[in-house]
Amino acid sequence: MAVLRAENLHKTFRSRGRAVQAVSGVSLRVEMGEVLAFLGPNGAGKTTTIKMVAGLVRPDRGLVRIEERDPHRDPWTLRRLGAVLEGNRNVYWRLTPLENLEYFGVLRGLTAGAARRRGELLLRRFDLDHKKNVLTQQLSRGMQQKLAIAVSLVHEPALLLLDEPTLGLDVEAAETVKQIVRELAAEGQAIVLTTHHLDVAQQLSERVAIIREGRIVAKDRTKTLLARFSGEQYEIEVAAELDEPRRRRLAGLGAEVTDGHVVYVGDPEGLWQVLEVLRPLPILRVEKDRADLTEVFLKLVREEADA
Amino acid sequence: MLRVIAIEFKRGLLNLRRYPLEMVGQLVVITLIFYGLFLGARYIAGPAAQFGGRLDALVVGYVLWTLSLFAIGDLSWGLMNEAREGTLEQVFLSPYGPARVYLARNVASLLIMLGFNLVILFVLLFLTGAHLHFAGAAVWPLAAALLGAYGVGFMLGALALYFKRIQAFLNLFQFVMMFLVMTPFERLEGPGRLAGILLPITPGAGMLRGLLARGEPFDMHLFALALVNGLVYLLVGLWVFTYAVRLTKERGLLGGY
Ligand SMILES: Nc1ncnc2c1ncn2[C@@H]1O[C@H](COP(=O)(O)OP(=O)(O)OP(=O)(O)O)[C@@H](O)[C@H]1O
Ligand SMILES: [Mg+2]
């Protein structure tokens, strides 16, 4: 059973006579223990999609199922969902971390006692134990964000939505939050994560969905997507000057030579021929070019823009 | 549901304790007003003066007036603050649903306000040695009137949720409240009389006036009318609020886009 199944979601906002098509035809699927990185440029429709999943924005069309239940029809579906929403405080600044956990735990359906116990556990786990009786207002931004994540987990949801959890944090705080997401992912928590930190997305996600102007432009396993965009390109670094005959033979094989580097685009068979030409020069490095998510992301987003 | 009321009660008390100045300020104001009433300064009761000159009548009238004011505005102010601060959507993620959560919040804060008033009242009674002959029956029309006030509170909450900035309107609404609480509709004839039955809060307030100022006996029919009026306004208020929630989700305006 999929933890999240969203199919063909559409949303058009009308404000002051203008219609903005925020999301058109987005489908997402998250299995148990899976992390989906949901990426896209500003205004692409990520937050709108996340809020439709959380039952906070009503879709014009399409369906949302969390463990096969509809959050828009059956409010108790929300018992299985936790969310940290973009740019929001998400917690009460006038309460302490423990009080927040207890309050929201009860609001999500726990008893006060269970919420407190679970809260204590989460505070220890997120290293906020020493701050549990300090007003949330007085915590650092990073700690506040950690608390927001803890609160979203207090009722042990099946699905966690994190909408840009590192937005507005300094480098160190962002690092702490990334570490938490990493740990949660490792524990098998199903997560939908939107972020502009593509390195995090690349490290953490089993799957990636890229959205642009309300439409999904790529959706695949992270590995597959990266492989698809990694060319058959090899770079070889040699520790000696290449002589003229070698240069000519390499050119014949289609390899390019630039100061100490040989770049070859082709299949592995051809690579051996290139290496044969170089023998017995000392080779420092042979590397297959690997695309990273940033490249893939930019390519896809631009490609579509040109089309 | 009781759990939610209990946790809202705890949250309300914590908020009070965190802002002792706010609390002390409130305590001082309430104490002064009650004290004024005790000294016989009728004008201090403002709209409550309509409830007759006797001390107990003044006190009950004043309690009705402050609690109704609180009942109609509390939810809206809360919603606007939460939309601005960014906790609103987390509350809406509760499986209990916003109507129930905010109902629980209202019950909790009413209990706190009531507690405040009663404690001060008893302290003053003790200190001044005054006696109040509470017509215990006054509690019932008071409760009926408050049901209606909370109904109106949910309707205003609906506006606050959708439009976000209705401060000016809320302030203006205080005068509407004054009109509803003060006007002796029950003494009018014809359409005025009918309005007294149909408008929110008025049947309960009218019955209170009858009991306290004119010394009328407790009339079961009048009370039934006041209660039905209160319940209908509360239900309609909840329905309007739920509808506003739908509309707000439709427009994506919850977080205040
Ligand atoms: N309630 C609303 N009313 C009108 N337009 C809206 C509303 N909410 C979002 N939009 C518009 O819908 C589009 C998608 O917005 P959304 O917030 O989903 O983007 P996003 O991918 O989350 O962007 P970002 O990376 O900046 O957070 C934008 O053009 C935005 O201006
Ligand atoms: Mg966004």
# chains A, B, ... in the order shown; residues from 1 in each chain; ligands from 1
$ residues_around --residues "Ala291 of chain A" --least-positions-apart "4" --cutoff "7 Å" --atoms "only C-alpha atoms" --output "PyMOL selection string"
chain A and resi 226+229-230+295-296
$ write_last_selection --atoms "all heavy atoms" --output "PDB file, in the first residue's frame"
ATOM      1  N   LEU A 226      19.853  10.275 -12.475  1.00  0.00           N
ATOM      2  CA  LEU A 226      21.246  10.723 -12.549  1.00  0.00           C
ATOM      3  C   LEU A 226      21.977   9.978 -13.660  1.00  0.00           C
ATOM      4  O   LEU A 226      22.734  10.563 -14.430  1.00  0.00           O
ATOM      5  CB  LEU A 226      21.948  10.512 -11.205  1.00  0.00           C
ATOM      6  CG  LEU A 226      21.470  11.434 -10.097  1.00  0.00           C
ATOM      7  CD1 LEU A 226      22.133  11.070  -8.776  1.00  0.00           C
ATOM      8  CD2 LEU A 226      21.759  12.882 -10.443  1.00  0.00           C
ATOM      9  N   PHE A 229      21.212  11.190 -17.104  1.00  0.00           N
ATOM     10  CA  PHE A 229      21.824  12.448 -17.482  1.00  0.00           C
ATOM     11  C   PHE A 229      23.345  12.415 -17.448  1.00  0.00           C
ATOM     12  O   PHE A 229      24.001  13.368 -17.816  1.00  0.00           O
ATOM     13  CB  PHE A 229      21.291  13.579 -16.598  1.00  0.00           C
ATOM     14  CG  PHE A 229      19.963  14.066 -17.049  1.00  0.00           C
ATOM     15  CD1 PHE A 229      18.804  13.409 -16.686  1.00  0.00           C
ATOM     16  CD2 PHE A 229      19.868  15.165 -17.895  1.00  0.00           C
ATOM     17  CE1 PHE A 229      17.576  13.833 -17.132  1.00  0.00           C
ATOM     18  CE2 PHE A 229      18.638  15.607 -18.339  1.00  0.00           C
ATOM     19  CZ  PHE A 229      17.484  14.925 -17.958  1.00  0.00           C
ATOM     20  N   SER A 230      23.890  11.297 -16.935  1.00  0.00           N
ATOM     21  CA  SER A 230      25.345  11.174 -16.963  1.00  0.00           C
ATOM     22  C   SER A 230      25.730  10.681 -18.345  1.00  0.00           C
ATOM     23  O   SER A 230      25.328   9.610 -18.748  1.00  0.00           O
ATOM     24  CB  SER A 230      25.814  10.162 -15.920  1.00  0.00           C
ATOM     25  OG  SER A 230      25.394  10.564 -14.661  1.00  0.00           O
ATOM     26  N   GLU A 295      22.830  19.699 -11.930  1.00  0.00           N
ATOM     27  CA  GLU A 295      22.902  19.740 -13.397  1.00  0.00           C
ATOM     28  C   GLU A 295      21.604  19.274 -14.022  1.00  0.00           C
ATOM     29  O   GLU A 295      21.066  19.900 -14.937  1.00  0.00           O
ATOM     30  CB  GLU A 295      23.998  18.785 -13.869  1.00  0.00           C
ATOM     31  CG  GLU A 295      25.341  19.418 -14.110  1.00  0.00           C
ATOM     32  CD  GLU A 295      26.341  18.318 -14.397  1.00  0.00           C
ATOM     33  OE1 GLU A 295      26.220  17.704 -15.478  1.00  0.00           O
ATOM     34  OE2 GLU A 295      27.193  18.055 -13.526  1.00  0.00           O
ATOM     35  N   VAL A 296      21.126  18.125 -13.520  1.00  0.00           N
ATOM     36  CA  VAL A 296      19.896  17.561 -14.069  1.00  0.00           C
ATOM     37  C   VAL A 296      18.757  18.568 -13.948  1.00  0.00           C
ATOM     38  O   VAL A 296      18.027  18.827 -14.901  1.00  0.00           O
ATOM     39  CB  VAL A 296      19.511  16.266 -13.311  1.00  0.00           C
ATOM     40  CG1 VAL A 296      18.182  15.735 -13.800  1.00  0.00           C
ATOM     41  CG2 VAL A 296      20.593  15.233 -13.449  1.00  0.00           C
TER      42      VAL A 296
END
$ interface_residues --of "chain B" --to "chain A" --cutoff "10 Å" --atoms "only C-alpha atoms" --output "PyMOL selection string"
chain B and resi 1+3-8+10-11+14-15+18-19+82-97+101+245-255
$ write_last_selection --atoms "C-alpha atoms" --output "mmCIF file, in the first residue's frame"
data_model
loop_
_atom_site.group_PDB
_atom_site.id
_atom_site.type_symbol
_atom_site.label_atom_id
_atom_site.label_comp_id
_atom_site.auth_asym_id
_atom_site.auth_seq_id
_atom_site.Cartn_x
_atom_site.Cartn_y
_atom_site.Cartn_z
ATOM 1 C CA MET B 1 -13.068 16.108 22.852
ATOM 2 C CA ARG B 3 -9.013 16.132 26.098
ATOM 3 C CA VAL B 4 -8.929 19.015 23.684
ATOM 4 C CA ILE B 5 -10.805 21.266 26.091
ATOM 5 C CA ALA B 6 -8.405 20.290 28.870
ATOM 6 C CA ILE B 7 -5.310 21.016 26.789
ATOM 7 C CA GLU B 8 -6.787 24.316 25.594
ATOM 8 C CA LYS B 10 -3.841 24.443 30.061
ATOM 9 C CA ARG B 11 -2.609 26.501 27.100
ATOM 10 C CA LEU B 14 0.089 29.113 30.520
ATOM 11 C CA ASN B 15 -0.374 32.095 28.238
ATOM 12 C CA ARG B 18 3.680 34.033 30.734
ATOM 13 C CA TYR B 19 2.298 37.529 30.474
ATOM 14 C CA GLU B 82 -2.483 32.893 14.255
ATOM 15 C CA ALA B 83 -2.696 33.597 10.533
ATOM 16 C CA ARG B 84 -0.114 36.331 10.969
ATOM 17 C CA GLU B 85 2.183 34.296 13.180
ATOM 18 C CA GLY B 86 1.866 31.139 11.129
ATOM 19 C CA THR B 87 0.432 28.563 13.506
ATOM 20 C CA LEU B 88 -3.030 28.556 11.965
ATOM 21 C CA GLU B 89 -2.368 25.782 9.484
ATOM 22 C CA GLN B 90 -0.947 23.503 12.161
ATOM 23 C CA VAL B 91 -4.201 23.849 14.072
ATOM 24 C CA PHE B 92 -6.102 23.033 10.889
ATOM 25 C CA LEU B 93 -4.072 19.833 10.559
ATOM 26 C CA SER B 94 -5.882 18.451 13.586
ATOM 27 C CA PRO B 95 -8.142 15.507 12.815
ATOM 28 C CA TYR B 96 -10.718 17.030 15.178
ATOM 29 C CA GLY B 97 -11.184 19.786 12.616
ATOM 30 C CA VAL B 101 -10.757 22.802 18.192
ATOM 31 C CA VAL B 245 -13.161 26.995 6.137
ATOM 32 C CA ARG B 246 -14.182 25.295 2.882
ATOM 33 C CA LEU B 247 -14.106 28.528 0.933
ATOM 34 C CA THR B 248 -10.750 29.487 2.403
ATOM 35 C CA LYS B 249 -9.273 26.125 1.430
ATOM 36 C CA GLU B 250 -10.752 26.536 -2.020
ATOM 37 C CA ARG B 251 -8.997 29.869 -2.462
ATOM 38 C CA GLY B 252 -5.794 28.733 -0.787
ATOM 39 C CA LEU B 253 -6.065 31.587 1.687
ATOM 40 C CA LEU B 254 -5.567 29.702 4.942
ATOM 41 C CA GLY B 255 -2.018 30.755 5.601
#
$ closest_residue --among "B:Met182, B:Met207, B:Leu146, B:Leu39" --to "Thr128 of chain B" --atoms "only C-alpha atoms"
B:Leu39
$ closest_atom_pairs --of "chain A" --to "ligand 1" --cutoff "9 Å" --atoms "only C-alpha atoms and all ligand atoms" --output "Markdown table"
| residue | atom | partner | partner_atom_place_in_ligand_line | distance |
| --- | --- | --- | --- | --- |
| A:Lys11 | CA | ligand 1 | 12 (O) | 8.6 |
| A:Thr12 | CA | ligand 1 | 12 (O) | 7.8 |
| A:Phe13 | CA | ligand 1 | 4 (C) | 4.6 |
| A:Arg14 | CA | ligand 1 | 4 (C) | 5.9 |
| A:Ser15 | CA | ligand 1 | 4 (C) | 5.6 |
| A:Arg16 | CA | ligand 1 | 4 (C) | 9.0 |
| A:Arg18 | CA | ligand 1 | 4 (C) | 8.5 |
| A:Ala19 | CA | ligand 1 | 4 (C) | 7.7 |
| A:Val20 | CA | ligand 1 | 5 (N) | 5.9 |
| A:Gln21 | CA | ligand 1 | 12 (O) | 6.7 |
| A:Ala22 | CA | ligand 1 | 12 (O) | 4.1 |
| A:Val23 | CA | ligand 1 | 14 (C) | 7.0 |
| A:Leu39 | CA | ligand 1 | 21 (O) | 7.9 |
| A:Gly40 | CA | ligand 1 | 21 (O) | 6.0 |
| A:Pro41 | CA | ligand 1 | 25 (O) | 5.5 |
| A:Asn42 | CA | ligand 1 | 25 (O) | 3.4 |
| A:Gly43 | CA | ligand 1 | 19 (O) | 3.4 |
| A:Ala44 | CA | ligand 1 | 21 (O) | 3.8 |
| A:Gly45 | CA | ligand 1 | 18 (O) | 3.1 |
| A:Lys46 | CA | ligand 1 | 21 (O) | 3.6 |
| A:Thr47 | CA | ligand 1 | 22 (O) | 3.6 |
| A:Thr48 | CA | ligand 1 | 18 (O) | 3.7 |
| A:Thr49 | CA | ligand 1 | 18 (O) | 6.4 |
| A:Ile50 | CA | ligand 1 | 18 (O) | 8.0 |
| A:Lys51 | CA | ligand 1 | 18 (O) | 8.5 |
| A:Val57 | CA | ligand 1 | 1 (N) | 8.6 |
| A:Glu86 | CA | ligand 1 | 27 (O) | 7.2 |
| A:Gly87 | CA | ligand 1 | 27 (O) | 8.8 |
| A:Asp163 | CA | ligand 1 | 22 (O) | 8.0 |
| A:Glu164 | CA | ligand 1 | 27 (O) | 7.6 |
| A:Thr194 | CA | ligand 1 | 25 (O) | 8.3 |
| A:Thr195 | CA | ligand 1 | 25 (O) | 8.0 |
| A:His196 | CA | ligand 1 | 25 (O) | 7.7 |
| A:Ile211 | CA | ligand 1 | 21 (O) | 7.8 |
| A:Arg212 | CA | ligand 1 | 21 (O) | 8.1 |
| A:Glu213 | CA | ligand 1 | 14 (C) | 7.7 |
| A:Gly214 | CA | ligand 1 | 14 (C) | 7.2 |
$ write_last_selection --atoms "N, CA, C and O atoms" --output "short mmCIF file (atom, residue, chain, number, x, y, z; two decimals), in the first residue's frame"
data_model
loop_
_atom_site.label_atom_id
_atom_site.label_comp_id
_atom_site.auth_asym_id
_atom_site.auth_seq_id
_atom_site.Cartn_x
_atom_site.Cartn_y
_atom_site.Cartn_z
N LYS A 11 -4.91 22.73 -9.72
CA LYS A 11 -5.38 23.86 -8.91
C LYS A 11 -5.15 25.18 -9.64
O LYS A 11 -4.04 25.49 -10.06
N THR A 12 -6.20 25.91 -9.82
CA THR A 12 -6.11 27.24 -10.39
C THR A 12 -6.57 28.24 -9.33
O THR A 12 -7.63 28.06 -8.75
N PHE A 13 -5.73 29.24 -9.07
CA PHE A 13 -6.13 30.28 -8.11
C PHE A 13 -6.67 31.46 -8.89
O PHE A 13 -6.11 31.86 -9.90
N ARG A 14 -7.76 32.01 -8.39
CA ARG A 14 -8.29 33.24 -8.97
C ARG A 14 -8.16 34.33 -7.93
O ARG A 14 -8.65 34.18 -6.81
N SER A 15 -7.44 35.37 -8.27
CA SER A 15 -7.43 36.50 -7.35
C SER A 15 -7.40 37.78 -8.15
O SER A 15 -6.63 37.92 -9.11
N ARG A 16 -8.24 38.69 -7.78
CA ARG A 16 -8.40 39.99 -8.46
C ARG A 16 -8.52 39.81 -9.97
O ARG A 16 -7.81 40.42 -10.75
N ARG A 18 -7.49 37.70 -11.94
CA ARG A 18 -6.48 36.96 -12.68
C ARG A 18 -6.50 35.50 -12.25
O ARG A 18 -6.67 35.21 -11.07
N ALA A 19 -6.32 34.61 -13.21
CA ALA A 19 -6.27 33.19 -12.87
C ALA A 19 -4.83 32.70 -12.98
O ALA A 19 -4.17 32.94 -13.98
N VAL A 20 -4.36 32.07 -11.94
CA VAL A 20 -3.02 31.49 -11.95
C VAL A 20 -3.15 29.98 -11.88
O VAL A 20 -3.72 29.45 -10.93
N GLN A 21 -2.66 29.32 -12.90
CA GLN A 21 -2.71 27.87 -12.88
C GLN A 21 -1.50 27.37 -12.11
O GLN A 21 -0.40 27.26 -12.66
N ALA A 22 -1.69 27.11 -10.83
CA ALA A 22 -0.56 26.78 -9.96
C ALA A 22 -0.10 25.34 -10.15
O ALA A 22 1.09 25.06 -10.14
N VAL A 23 -1.04 24.43 -10.30
CA VAL A 23 -0.71 23.01 -10.43
C VAL A 23 -1.59 22.42 -11.52
O VAL A 23 -2.80 22.60 -11.50
N LEU A 39 11.16 18.78 -6.30
CA LEU A 39 11.98 19.94 -6.62
C LEU A 39 11.34 20.79 -7.69
O LEU A 39 10.57 20.31 -8.51
N GLY A 40 11.73 22.05 -7.71
CA GLY A 40 11.23 22.94 -8.74
C GLY A 40 11.60 24.37 -8.43
O GLY A 40 11.84 24.70 -7.27
N PRO A 41 11.66 25.21 -9.45
CA PRO A 41 12.00 26.62 -9.21
C PRO A 41 10.90 27.34 -8.45
O PRO A 41 9.82 26.79 -8.24
N ASN A 42 11.16 28.57 -8.05
CA ASN A 42 10.17 29.36 -7.29
C ASN A 42 8.87 29.47 -8.07
O ASN A 42 8.88 29.70 -9.27
N GLY A 43 7.78 29.31 -7.35
CA GLY A 43 6.47 29.50 -7.98
C GLY A 43 6.04 28.34 -8.86
O GLY A 43 5.06 28.44 -9.60
N ALA A 44 6.76 27.20 -8.77
CA ALA A 44 6.44 26.07 -9.65
C ALA A 44 5.18 25.34 -9.22
O ALA A 44 4.55 24.64 -10.02
N GLY A 45 4.82 25.47 -7.95
CA GLY A 45 3.61 24.79 -7.48
C GLY A 45 3.88 23.74 -6.42
O GLY A 45 3.02 22.92 -6.11
N LYS A 46 5.06 23.76 -5.83
CA LYS A 46 5.41 22.76 -4.81
C LYS A 46 4.54 22.92 -3.56
O LYS A 46 3.92 21.97 -3.10
N THR A 47 4.53 24.14 -3.01
CA THR A 47 3.78 24.37 -1.78
C THR A 47 2.30 24.09 -2.00
O THR A 47 1.64 23.48 -1.15
N THR A 48 1.78 24.51 -3.14
CA THR A 48 0.37 24.25 -3.42
C THR A 48 0.09 22.75 -3.42
O THR A 48 -0.90 22.30 -2.85
N THR A 49 0.98 21.98 -4.05
CA THR A 49 0.80 20.53 -4.07
C THR A 49 0.84 19.95 -2.66
O THR A 49 -0.02 19.17 -2.26
N ILE A 50 1.86 20.37 -1.89
CA ILE A 50 2.00 19.89 -0.51
C ILE A 50 0.73 20.19 0.30
O ILE A 50 0.23 19.35 1.04
N LYS A 51 0.21 21.40 0.12
CA LYS A 51 -0.98 21.76 0.89
C LYS A 51 -2.21 21.00 0.42
O LYS A 51 -3.12 20.75 1.22
N VAL A 57 -5.43 22.92 1.06
CA VAL A 57 -5.93 23.57 -0.14
C VAL A 57 -6.74 22.52 -0.89
O VAL A 57 -6.30 21.37 -1.05
N GLU A 86 6.06 25.65 4.89
CA GLU A 86 7.05 26.63 4.44
C GLU A 86 6.90 27.98 5.15
O GLU A 86 5.80 28.52 5.26
N GLY A 87 8.02 28.49 5.62
CA GLY A 87 8.06 29.87 6.10
C GLY A 87 7.18 30.15 7.31
O GLY A 87 7.07 31.28 7.75
N ASP A 163 8.24 21.14 3.82
CA ASP A 163 8.28 22.13 2.75
C ASP A 163 9.41 23.12 3.04
O ASP A 163 9.27 23.99 3.90
N GLU A 164 10.51 22.95 2.36
CA GLU A 164 11.69 23.79 2.53
C GLU A 164 12.07 23.97 4.00
O GLU A 164 12.06 25.09 4.51
N THR A 194 10.52 19.14 -0.03
CA THR A 194 10.86 20.12 -1.05
C THR A 194 12.04 20.91 -0.52
O THR A 194 12.12 21.21 0.66
N THR A 195 12.99 21.18 -1.39
CA THR A 195 14.17 21.90 -0.96
C THR A 195 14.87 22.50 -2.16
O THR A 195 14.74 22.02 -3.27
N HIS A 196 15.61 23.57 -1.91
CA HIS A 196 16.46 24.11 -2.96
C HIS A 196 17.90 23.63 -2.77
O HIS A 196 18.77 23.95 -3.56
N ILE A 211 9.14 19.64 -10.75
CA ILE A 211 7.94 20.32 -11.23
C ILE A 211 8.34 21.68 -11.78
O ILE A 211 9.25 22.34 -11.28
N ARG A 212 7.68 22.04 -12.87
CA ARG A 212 7.94 23.35 -13.45
C ARG A 212 6.64 23.90 -13.98
O ARG A 212 5.92 23.22 -14.69
N GLU A 213 6.32 25.10 -13.60
CA GLU A 213 5.07 25.74 -14.00
C GLU A 213 3.88 24.81 -13.84
O GLU A 213 3.05 24.68 -14.73
N GLY A 214 3.83 24.15 -12.69
CA GLY A 214 2.67 23.34 -12.36
C GLY A 214 2.65 21.95 -12.98
O GLY A 214 1.73 21.18 -12.72
#
$ residues_around --residues "Arg285 of chain A" --least-positions-apart "3" --cutoff "9 Å" --atoms "only C-alpha atoms" --output "ChimeraX atom specification"
/A:235-238
$ residues_around --residues "Glu206 of chain A" --least-positions-apart "4" --cutoff "10 Å" --atoms "only C-alpha atoms" --output "PyMOL selection string"
chain A and resi 30+33-37+185+201-202+220-224
$ residues_around --residues "segment 243-255 of chain A" --least-positions-apart "2" --cutoff "8 Å" --atoms "only C-alpha atoms" --output "ChimeraX atom specification"
/A:241,257,262-265,270,273-274,277-278
$ residues_around --residues "Met177 of chain B" --least-positions-apart "5" --cutoff "12 Å" --atoms "only C-alpha atoms" --output "PyMOL selection string"
chain B and resi 47+64-73+145-146+148-149+152-153+170-172+182-183+199-202+205
$ select_by_dssp --residues "segment 68-199 of chain A" --states "strand (DSSP E or B)" --output "list in words"
Arg69, Leu81, Gly82, Ala83, Val84, Leu159, Leu160, Leu161, Leu162, Asp163, Ala190, Ile191, Val192, Leu193 and Thr194 of chain A
